[in-house]
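**Student:** Structure: query35.txt, compact mmCIF, C-alpha atoms.
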```
# COMPACT_ATOMS: atom_id res chain seq x y z
CA MET J 1 131.56 125.03 118.25
CA LYS J 2 133.40 125.42 114.89
CA LYS J 3 131.90 122.19 113.58
CA SER J 4 128.36 123.29 114.53
CA LEU J 5 128.86 126.66 112.83
CA LEU J 6 130.14 125.03 109.63
CA LEU J 7 127.16 122.69 109.47
CA ALA J 8 124.79 125.59 109.98
CA LEU J 9 126.45 127.59 107.18
CA LEU J 10 126.30 124.65 104.80
CA ALA J 11 122.62 124.13 105.55
CA ALA J 12 121.86 127.80 105.01
CA THR J 13 123.93 128.20 101.81
CA PRO J 14 123.35 125.40 99.25
CA ALA J 15 126.08 124.85 96.67
CA ALA J 16 125.50 126.67 93.43
CA ALA J 17 125.55 123.41 91.51
CA GLN J 18 122.66 122.13 93.63
CA ASP J 19 120.59 125.20 92.71
CA ARG J 20 120.97 124.76 88.97
CA PRO J 21 118.96 122.39 86.78
CA VAL J 22 120.95 119.66 85.05
CA LEU J 23 120.82 118.92 81.32
CA THR J 24 121.96 115.34 80.74
CA VAL J 25 123.56 114.72 77.35
CA TYR J 26 124.34 111.20 76.12
CA ALA J 27 127.39 111.30 73.84
CA GLY J 28 130.20 109.17 72.49
CA ASP J 29 133.31 108.66 74.62
CA TYR J 30 135.45 111.02 72.56
CA VAL J 31 133.06 113.97 73.05
CA ALA J 32 133.77 114.45 76.75
CA SER J 33 137.47 113.64 76.51
CA GLU J 34 140.00 116.43 77.02
CA TRP J 35 140.70 116.54 73.27
CA GLY J 36 137.04 116.33 72.26
CA PRO J 37 134.49 119.12 71.85
CA GLY J 38 132.67 118.39 75.12
CA PRO J 39 134.55 120.75 77.45
CA LYS J 40 134.01 123.74 75.16
CA ILE J 41 130.37 122.82 74.54
CA LYS J 42 129.79 122.51 78.28
CA GLU J 43 131.50 125.84 78.97
CA GLY J 44 129.62 127.62 76.18
CA PHE J 45 126.15 126.39 77.07
CA GLU J 46 126.55 126.83 80.82
CA ALA J 47 127.65 130.43 80.26
CA PHE J 48 124.10 131.54 79.53
CA CYS J 49 121.75 128.71 80.53
CA GLU J 50 122.24 129.00 84.32
CA CYS J 51 122.35 125.23 84.37
CA GLU J 52 124.77 122.34 84.55
CA LEU J 53 125.46 120.32 81.40
CA ARG J 54 126.39 116.74 82.28
CA PHE J 55 127.80 114.33 79.70
CA VAL J 56 127.12 110.59 80.00
CA THR J 57 129.36 108.74 77.55
CA GLY J 58 129.32 105.36 75.91
CA ASP J 59 127.63 103.54 73.03
CA ILE J 60 124.67 105.90 72.97
CA LEU J 61 122.11 104.31 70.66
CA PRO J 62 122.00 100.84 72.26
CA ARG J 63 121.79 102.50 75.67
CA ILE J 64 118.96 104.85 74.76
CA LEU J 65 116.98 102.04 73.10
CA MET J 66 117.43 99.82 76.14
CA GLU J 67 116.36 102.53 78.60
CA GLY J 68 113.37 103.65 76.53
CA GLU J 69 111.08 106.30 78.00
CA GLY J 70 112.75 105.88 81.38
CA THR J 71 116.06 107.24 80.13
CA GLU J 72 117.85 109.94 82.09
CA ALA J 73 118.96 111.59 78.86
CA ASP J 74 117.58 114.96 77.81
CA ILE J 75 119.72 115.23 74.67
CA VAL J 76 121.45 112.64 72.49
CA PHE J 77 124.56 114.00 70.83
CA GLY J 78 126.56 112.28 68.09
CA LEU J 79 124.20 110.03 66.14
CA THR J 80 124.76 109.75 62.39
CA PRO J 81 122.36 109.24 59.44
CA ASP J 82 123.46 105.61 59.31
CA LEU J 83 121.82 105.07 62.72
CA THR J 84 118.76 107.30 62.63
CA ALA J 85 116.33 104.73 61.16
CA ARG J 86 116.51 102.66 64.35
CA ALA J 87 116.51 105.77 66.53
CA ARG J 88 113.47 107.26 64.78
CA GLU J 89 111.53 104.00 64.95
CA SER J 90 111.81 104.08 68.75
CA GLY J 91 109.57 107.17 68.96
CA LEU J 92 111.77 108.52 71.77
CA PHE J 93 112.72 111.78 70.08
CA ALA J 94 110.96 115.13 69.72
CA PRO J 95 111.10 117.63 66.81
CA HIS J 96 114.01 120.07 67.06
CA GLY J 97 112.07 123.07 65.74
CA GLN J 98 114.99 124.55 63.77
CA ASP J 99 115.21 126.03 60.27
CA THR J 100 117.48 123.75 58.22
CA SER J 101 116.84 125.37 54.84
CA ASP J 102 120.20 127.16 54.68
CA MET J 103 122.80 124.68 55.87
CA SER J 104 126.47 124.57 54.87
CA LEU J 105 126.28 120.86 54.01
CA PRO J 106 127.06 119.21 50.66
CA VAL J 107 123.61 117.57 50.77
CA GLU J 108 120.10 118.88 51.42
CA TRP J 109 118.75 118.41 54.94
CA SER J 110 115.08 118.48 55.92
CA ASP J 111 114.89 116.14 58.93
CA GLU J 112 112.60 117.49 61.68
CA ILE J 113 114.02 115.25 64.42
CA PHE J 114 117.77 114.92 63.95
CA LEU J 115 119.77 118.14 63.72
CA PRO J 116 123.26 118.26 62.13
CA TYR J 117 125.88 120.21 64.01
CA ASN J 118 129.01 119.35 62.00
CA TRP J 119 130.15 117.21 59.09
CA SER J 120 133.11 115.68 57.30
CA GLU J 121 133.73 112.74 55.00
CA THR J 122 135.53 109.47 55.60
CA ALA J 123 139.10 109.26 54.35
CA PHE J 124 142.33 107.40 54.83
CA ILE J 125 144.98 109.58 56.47
CA TYR J 126 148.68 109.10 55.79
CA ASP J 127 152.00 110.67 56.79
CA GLU J 128 153.87 111.81 53.69
CA THR J 129 157.22 111.27 55.43
CA ARG J 130 156.42 107.56 55.78
CA LEU J 131 154.35 106.96 52.65
CA GLU J 132 155.90 108.75 49.71
CA ASN J 133 153.47 107.43 47.07
CA PRO J 134 150.04 107.15 48.69
CA PRO J 135 147.14 105.64 46.74
CA ALA J 136 145.51 108.30 44.57
CA SER J 137 142.23 106.39 44.20
CA PHE J 138 140.26 103.63 45.87
CA ALA J 139 141.32 101.34 43.04
CA GLU J 140 144.98 102.07 43.75
CA LEU J 141 144.40 101.40 47.43
CA LEU J 142 142.99 97.95 46.67
CA ASP J 143 145.85 97.19 44.29
CA ALA J 144 148.57 98.43 46.67
CA PRO J 145 151.12 95.91 48.00
CA ASP J 146 149.83 93.83 50.90
CA ASP J 147 152.61 95.15 53.15
CA LEU J 148 150.77 98.48 53.29
CA LYS J 149 149.61 98.71 56.90
CA ILE J 150 146.15 100.21 57.49
CA VAL J 151 144.23 100.56 60.76
CA ILE J 152 140.43 100.74 60.72
CA GLN J 153 137.62 100.71 63.27
CA ASP J 154 135.08 97.99 64.01
CA PRO J 155 131.77 98.80 62.26
CA ARG J 156 129.85 97.06 65.06
CA ALA J 157 131.08 99.62 67.60
CA SER J 158 132.26 102.68 65.68
CA ILE J 159 130.41 105.23 63.55
CA SER J 160 133.49 105.66 61.36
CA GLY J 161 133.81 101.89 60.98
CA LEU J 162 130.18 101.66 59.86
CA ALA J 163 130.74 104.58 57.49
CA LEU J 164 133.61 102.64 55.90
CA LEU J 165 131.31 99.68 55.18
CA LEU J 166 128.85 101.96 53.44
CA TRP J 167 131.62 103.87 51.66
CA VAL J 168 132.98 100.65 50.14
CA LYS J 169 129.44 99.59 49.27
CA GLY J 170 128.75 102.95 47.65
CA VAL J 171 131.85 102.70 45.47
CA TYR J 172 131.80 99.00 44.58
CA GLY J 173 128.17 97.88 44.86
CA ASP J 174 127.83 94.21 43.96
CA ASP J 175 131.63 93.93 43.71
CA THR J 176 132.07 94.82 47.38
CA PRO J 177 133.12 91.26 48.43
CA ASP J 178 135.97 91.37 45.91
CA ALA J 179 136.98 94.82 47.18
CA TRP J 180 137.15 93.58 50.77
CA ALA J 181 139.13 90.52 49.67
CA LYS J 182 141.77 92.86 48.26
CA LEU J 183 141.72 95.28 51.18
CA ALA J 184 141.69 92.76 54.05
CA PRO J 185 145.37 91.68 53.78
CA LYS J 186 146.42 95.31 54.21
CA ILE J 187 144.46 95.78 57.45
CA LEU J 188 146.96 95.63 60.30
CA THR J 189 144.27 95.59 62.96
CA VAL J 190 140.67 96.58 63.67
CA THR J 191 140.17 98.65 66.81
CA ARG J 192 136.95 99.20 68.72
CA GLY J 193 137.09 102.98 68.40
CA TRP J 194 138.66 105.83 66.49
CA SER J 195 140.99 107.06 69.25
CA GLU J 196 142.88 103.77 69.48
CA SER J 197 143.28 103.56 65.70
CA TYR J 198 144.47 107.12 65.35
CA GLY J 199 146.89 106.71 68.23
CA MET J 200 148.48 103.71 66.51
CA PHE J 201 148.87 105.77 63.35
CA THR J 202 150.46 108.78 65.05
CA GLU J 203 152.82 106.46 66.92
CA GLY J 204 154.06 105.10 63.59
CA GLU J 205 152.54 101.63 63.82
CA ALA J 206 150.50 102.01 60.62
CA ASP J 207 150.93 103.69 57.23
CA MET J 208 147.29 104.79 56.95
CA VAL J 209 144.31 105.11 59.26
CA LEU J 210 140.59 105.40 58.64
CA SER J 211 139.53 108.85 59.73
CA TYR J 212 138.08 111.98 58.10
CA THR J 213 139.02 114.46 55.40
CA THR J 214 139.26 117.15 58.09
CA SER J 215 141.65 115.26 60.40
CA PRO J 216 144.83 116.95 59.05
CA ALA J 217 143.53 120.29 60.35
CA TYR J 218 144.34 119.24 63.91
CA HIS J 219 147.97 118.52 63.09
CA ILE J 220 148.33 121.79 61.19
CA ALA J 221 146.68 124.02 63.80
CA GLU J 222 147.86 122.35 66.99
CA GLU J 223 151.23 120.88 66.02
CA ASP J 224 152.31 122.97 63.03
CA ASP J 225 152.66 119.62 61.24
CA LEU J 226 151.91 119.64 57.52
CA THR J 227 152.87 116.00 56.92
CA LYS J 228 149.50 114.38 57.72
CA LYS J 229 147.27 114.25 54.63
CA ALA J 230 143.93 112.82 53.57
CA ALA J 231 144.06 110.65 50.45
CA ILE J 232 141.35 112.15 48.23
CA PHE J 233 139.81 109.59 45.88
CA PRO J 234 138.00 110.42 42.61
CA GLU J 235 135.48 107.63 43.32
CA GLY J 236 134.07 109.82 46.09
CA HIS J 237 134.00 109.94 49.89
CA TYR J 238 131.23 108.95 52.27
CA PHE J 239 129.41 111.83 53.95
CA LEU J 240 129.18 111.73 57.72
CA THR J 241 127.36 114.32 59.78
CA GLU J 242 126.89 114.19 63.53
CA LEU J 243 123.42 114.87 64.87
CA ALA J 244 121.77 116.14 68.03
CA ALA J 245 118.25 115.24 69.11
CA GLN J 246 116.10 115.89 72.14
CA ILE J 247 114.27 113.23 74.13
CA ALA J 248 110.49 113.56 74.01
CA THR J 249 110.08 112.53 77.66
CA THR J 250 112.74 114.86 79.08
CA ASP J 251 111.96 116.39 82.46
CA GLN J 252 113.86 119.51 81.33
CA PRO J 253 111.93 120.39 78.14
CA GLU J 254 112.74 124.11 78.17
CA LEU J 255 116.42 123.46 78.79
CA ALA J 256 116.56 120.75 76.11
CA GLN J 257 114.89 123.07 73.61
CA ALA J 258 117.32 125.84 74.53
CA PHE J 259 120.20 123.50 73.72
CA MET J 260 118.70 122.60 70.34
CA ASP J 261 118.14 126.31 69.64
CA TRP J 262 121.82 126.95 70.47
CA VAL J 263 123.28 124.28 68.18
CA LEU J 264 122.87 126.24 64.95
CA THR J 265 123.83 129.64 66.39
CA PRO J 266 127.10 131.28 65.30
CA ASP J 267 128.32 130.86 68.89
CA PHE J 268 128.15 127.06 68.76
CA GLN J 269 128.98 126.75 65.07
CA SER J 270 132.16 128.82 65.39
CA THR J 271 133.27 126.71 68.36
CA VAL J 272 132.83 123.20 66.98
CA PRO J 273 135.25 123.26 63.98
CA LEU J 274 138.43 123.57 66.06
CA ALA J 275 136.99 121.58 68.97
CA ASN J 276 135.76 118.63 66.92
CA TRP J 277 138.02 119.15 63.87
CA SER J 278 135.12 119.08 61.46
CA LEU J 279 133.15 121.45 59.26
CA PRO J 280 130.27 123.47 60.73
CA ALA J 281 126.74 122.53 59.67
CA LYS J 282 125.43 126.08 59.47
CA LEU J 283 128.15 128.65 58.98
CA PRO J 284 129.14 130.31 55.68
CA GLU J 285 132.38 128.94 54.29
CA ALA J 286 133.90 132.44 54.49
CA ASP J 287 133.55 132.15 58.29
CA TRP J 288 135.23 128.76 58.60
CA PRO J 289 138.67 128.68 60.22
CA GLN J 290 141.30 129.17 57.53
CA VAL J 291 142.94 125.82 58.29
CA LEU J 292 139.72 124.03 57.31
CA ARG J 293 139.07 126.21 54.27
CA ASP J 294 142.52 125.32 52.92
CA LEU J 295 142.09 121.53 53.13
CA PRO J 296 141.62 119.51 49.91
CA ARG J 297 137.97 118.59 49.44
CA ALA J 298 136.34 115.57 47.87
CA GLU J 299 134.73 116.29 44.50
CA THR J 300 132.11 113.58 44.95
CA THR J 301 130.04 113.02 48.10
CA LEU J 302 128.48 109.61 48.68
CA LEU J 303 125.47 109.17 50.94
CA TYR J 304 122.67 106.68 51.53
CA THR J 305 119.29 107.66 52.94
CA GLU J 306 118.68 106.36 56.45
CA ASP J 307 116.40 103.61 55.10
CA GLU J 308 118.98 102.56 52.52
CA ALA J 309 121.74 102.59 55.14
CA GLU J 310 119.66 100.49 57.52
CA ALA J 311 118.78 97.99 54.77
CA LEU J 312 122.44 97.68 53.76
CA ARG J 313 123.96 97.62 57.24
CA GLN J 314 123.64 93.91 58.01
CA PRO J 315 124.44 92.62 54.49
CA ALA J 316 127.48 94.93 54.34
CA LEU J 317 128.58 93.76 57.78
CA ASP J 318 128.22 90.12 56.72
CA GLU J 319 130.43 90.77 53.68
CA TRP J 320 133.02 92.45 55.89
CA LEU J 321 133.01 89.60 58.41
CA ARG J 322 133.43 86.99 55.70
CA ALA J 323 136.43 88.87 54.30
CA PHE J 324 138.13 88.98 57.69
CA SER J 325 137.38 85.37 58.62
CA ARG J 326 139.45 83.94 55.79
```
Would you mind writing the file's structure down as structure tokens?
**Tutor:**
Amino acid sequence: MKKSLLLALLAATPAAAQDRPVLTVYAGDYVASEWGPGPKIKEGFEAFCECELRFVTGDILPRILMEGEGTEADIVFGLTPDLTARARESGLFAPHGQDTSDMSLPVEWSDEIFLPYNWSETAFIYDETRLENPPASFAELLDAPDDLKIVIQDPRASISGLALLLWVKGVYGDDTPDAWAKLAPKILTVTRGWSESYGMFTEGEADMVLSYTTSPAYHIAEEDDLTKKAAIFPEGHYFLTELAAQIATTDQPELAQAFMDWVLTPDFQSTVPLANWSLPAKLPEADWPQVLRDLPRAETTLLYTEDEAEALRQPALDEWLRAFSR
């Protein structure tokens, strides 16, 4: 009798989750992790959309290109300008419909497809208690003793690793092979992703790690630790913004558009800095968290257009591979 009653109640009262439409967001692994911005993004969007936001994580661009128009994704979250040439060429993405004329970026942005939601710049992070005299320039980094231990990410799998290739290329141009020849002996290891690299650094296995100029904010805000610093180089730092885009063939077009409309709102923009430890794409600097406003900033921002980045990607990767095969 009790079993029959329970089955009848379940049939008459569907679970709330089954009643709500689902917005599927493809994102990098770190986004949905407990320390990434995903949980707060999910909570914030679900609070007013009467929907369920579901993250699918992994290497998002190869997956979306392989799936094509049959993809389950409604939104792609976490592309960078270094990848958008291939993404745009696929024709899989729809215009975002947002006003990008007044962004808080160090560069102008007029892309109608890919929408920035945060930004930072690549940097090498060090612990001043372990490295008393950190390199004060890229030139000093290359000329540092070879027993300096640096951890970086693989440019074939990591957006920060690819950004490093283009950063070195932007600083050294035709002399990039010589730069890598000097830097390679100092590279302790190359990890697939950022999390593994940064974990090795915080555990004391490396003197420096490839990360972002905003990374020290986490240690200051969450750990009250002022010892982690970004080495700011006068040669400039490579700009990296993360982008959202909606899939043209989504079966949830209104929900996908609502998400894109939300990305540049003060609600989202005030959430992402301390969830993703980066600078907001559209929020006045006066409204940034104080911990981010106080960080040292690069005086020179380096950036390639998406076509330049795509043209340089393979040659730069070949130079990098040759340096590490010696």
**Student:** Need the shell around Leu292 in chain J: protein/DNA/RNA residues with any atom at most 8 Å away, counting all atoms listed in the file. Skip same-chain ones fewer than 4 positions apart. Format as a VMD selection string?
**Tutor:** chain J and resid 214 217 278 to 279 288
**Student:** How far is it from CA of Gln153 in chain J to CA of Asn276 in chain J, in Å with one decimal?
**Tutor:**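 Between CA of Gln153 in chain J and CA of Asn276 in chain J the gap is 18.4 Å.
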**Student:** Tell me, as a list in words, which residues lie within 10 Å of Glu299 in chain J, counting all atoms listed in the file; anything in the same chain fewer than 6 positions away does not count.
**Tutor:**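 Listed by chain and then number, they are Ile232, Phe233, Pro234, Glu235, Gly236 and His237 of chain J.
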**Student:** Write out as a tab-separated table the residues of range 178-276 of chain J that have any atom within 12 Å of an atom of range 166-170 of chain J, one row each with the nearest atom pair and its distance in Å to one decimal, counting only C-alpha atoms, sorted by chain and then rising number.
**Tutor:**
```
residue	atom	partner	partner_atom	distance
J:Asp178	CA	J:Val168	CA	10.6
J:Ala179	CA	J:Val168	CA	7.7
J:Trp180	CA	J:Val168	CA	8.2
J:Ala181	CA	J:Val168	CA	11.9
J:Lys182	CA	J:Val168	CA	11.9
J:Leu183	CA	J:Val168	CA	10.3
J:Leu210	CA	J:Trp167	CA	11.5
J:Phe233	CA	J:Trp167	CA	11.5
J:Glu235	CA	J:Gly170	CA	9.3
J:Gly236	CA	J:Trp167	CA	8.5
J:His237	CA	J:Trp167	CA	6.8
J:Tyr238	CA	J:Trp167	CA	5.1
J:Phe239	CA	J:Trp167	CA	8.6
J:Leu240	CA	J:Trp167	CA	10.2
```
**Student:** Restricting the calculation to all atoms listed in the file, which member of J:Phe114, J:Thr301, J:Met103, J:Gly199 is positioned closest to Pro284 in chain J?
**Tutor:**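 Nearest candidate to Pro284 in chain J out of J:Phe114, J:Thr301, J:Met103, J:Gly199: J:Met103.
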**Student:** List the spatial neighbours of Ile41 in chain J as a ChimeraX atom specification - criterion: any atom at most 12 Å away, all atoms listed in the file, same-chain residues fewer than 3 positions off excluded.
**Tutor:** /J:25,27,31-34,36-38,44-48,52-55,77,117,259,262-263,267-276
**Student:** Measuring between all atoms listed in the file, which one of J:Ala316, J:Leu65, J:Ala244, J:Leu23 shows the shortest distance to Thr176 in chain J?
**Tutor:** J:Ala316
**Student:** Between J:Pro289, J:Pro135, J:Gly193, J:Gly97, which residue has the minimum interatomic distance to Ala123 in chain J, considering only C-alpha atoms?
**Tutor:**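 Among the listed residues, the smallest separation from Ala123 in chain J belongs to J:Pro135.
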**Student:** For Gly70 in chain J, find every residue with an atom within 12 Å (counting all atoms listed in the file), except residues of its own chain fewer than 6 positions away, and show them as a VMD selection string.
**Tutor:** chain J and resid 63 to 64 92 247 to 251
**Student:** For the atom pair CA of Asn133 in chain J and CA of Leu295 in chain J, what is the interatomic distance in Å to one decimal place?
**Tutor:**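 Taking CA of Asn133 in chain J and CA of Leu295 in chain J, their separation equals 19.1 Å.
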**Student:** Show which residues sit within 8 Å of Ala245 in chain J, as an MDAnalysis selection string. Count only C-alpha atoms, and ignore same-chain residues fewer than 6 positions away.
**Tutor:** chainID J and resid 75:77 93:96 113:115 260
**Student:** Any idea what the distance is between CA of Ala311 in chain J and CA of Gly91 in chain J?
**Tutor:**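 Atom-to-atom, CA of Ala311 in chain J and CA of Gly91 in chain J are spaced 19.2 Å apart.
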**Student:** Between J:Glu205, J:Asp224, J:Asp147, J:Glu242, single out the one closest to Trp119 in chain J, counting only C-alpha atoms.
**Tutor:**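 Nearest candidate to Trp119 in chain J out of J:Glu205, J:Asp224, J:Asp147, J:Glu242: J:Glu242.
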**Student:** Just checking: using only C-alpha atoms, which residue out of J:Asp207, J:Asp82, J:Glu72, J:Asp99 ends up closest to Leu131 in chain J?
**Tutor:**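 Answer, going by the shortest atom-to-atom distance: J:Asp207.
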**Student:** Add whatever atoms are absent from range 298-321 of chain J to reach N, CA and C atoms, and provide the output as a compact mmCIF listing (two decimals), in the frame of the given file.
**Tutor:**
```txt
# COMPACT_ATOMS: atom_id res chain seq x y z
N ALA J 298 136.80 116.59 48.80
CA ALA J 298 136.34 115.57 47.87
C ALA J 298 135.43 116.20 46.82
N GLU J 299 135.59 115.78 45.58
CA GLU J 299 134.73 116.29 44.50
C GLU J 299 133.38 115.59 44.48
N THR J 300 133.35 114.36 44.96
CA THR J 300 132.11 113.58 44.95
C THR J 300 131.76 113.14 46.36
N THR J 301 130.52 113.43 46.78
CA THR J 301 130.04 113.02 48.10
C THR J 301 129.08 111.85 47.95
N LEU J 302 129.33 110.79 48.71
CA LEU J 302 128.48 109.61 48.68
C LEU J 302 127.62 109.57 49.94
N LEU J 303 126.37 109.23 49.80
CA LEU J 303 125.47 109.17 50.94
C LEU J 303 124.29 108.27 50.64
N TYR J 304 123.91 107.45 51.61
CA TYR J 304 122.67 106.68 51.53
C TYR J 304 121.61 107.38 52.39
N THR J 305 120.36 107.23 52.04
CA THR J 305 119.29 107.66 52.94
C THR J 305 119.32 106.76 54.17
N GLU J 306 118.65 107.18 55.23
CA GLU J 306 118.68 106.36 56.45
C GLU J 306 118.05 104.98 56.21
N ASP J 307 117.03 104.90 55.37
CA ASP J 307 116.40 103.61 55.10
C ASP J 307 117.33 102.73 54.27
N GLU J 308 118.01 103.33 53.30
CA GLU J 308 118.98 102.56 52.52
C GLU J 308 120.13 102.07 53.40
N ALA J 309 120.63 102.96 54.26
CA ALA J 309 121.74 102.59 55.14
C ALA J 309 121.33 101.46 56.08
N GLU J 310 120.12 101.53 56.61
CA GLU J 310 119.66 100.49 57.52
C GLU J 310 119.48 99.16 56.78
N ALA J 311 118.97 99.21 55.55
CA ALA J 311 118.78 97.99 54.77
C ALA J 311 120.12 97.35 54.39
N LEU J 312 121.13 98.18 54.19
CA LEU J 312 122.44 97.68 53.76
C LEU J 312 123.34 97.29 54.92
N ARG J 313 123.04 97.77 56.11
CA ARG J 313 123.96 97.62 57.24
C ARG J 313 124.32 96.17 57.51
N GLN J 314 123.34 95.30 57.68
CA GLN J 314 123.64 93.91 58.01
C GLN J 314 124.28 93.16 56.84
N PRO J 315 123.76 93.29 55.60
CA PRO J 315 124.44 92.62 54.49
C PRO J 315 125.88 93.09 54.32
N ALA J 316 126.12 94.40 54.47
CA ALA J 316 127.48 94.93 54.34
C ALA J 316 128.37 94.41 55.46
N LEU J 317 127.81 94.30 56.66
CA LEU J 317 128.58 93.76 57.78
C LEU J 317 128.91 92.29 57.54
N ASP J 318 127.96 91.53 57.01
CA ASP J 318 128.22 90.12 56.72
C ASP J 318 129.35 89.97 55.70
N GLU J 319 129.36 90.82 54.68
CA GLU J 319 130.43 90.77 53.68
C GLU J 319 131.78 91.08 54.33
N TRP J 320 131.78 92.05 55.20
CA TRP J 320 133.02 92.45 55.89
C TRP J 320 133.52 91.31 56.78
N LEU J 321 132.61 90.68 57.52
CA LEU J 321 133.01 89.60 58.41
C LEU J 321 133.55 88.41 57.64
```
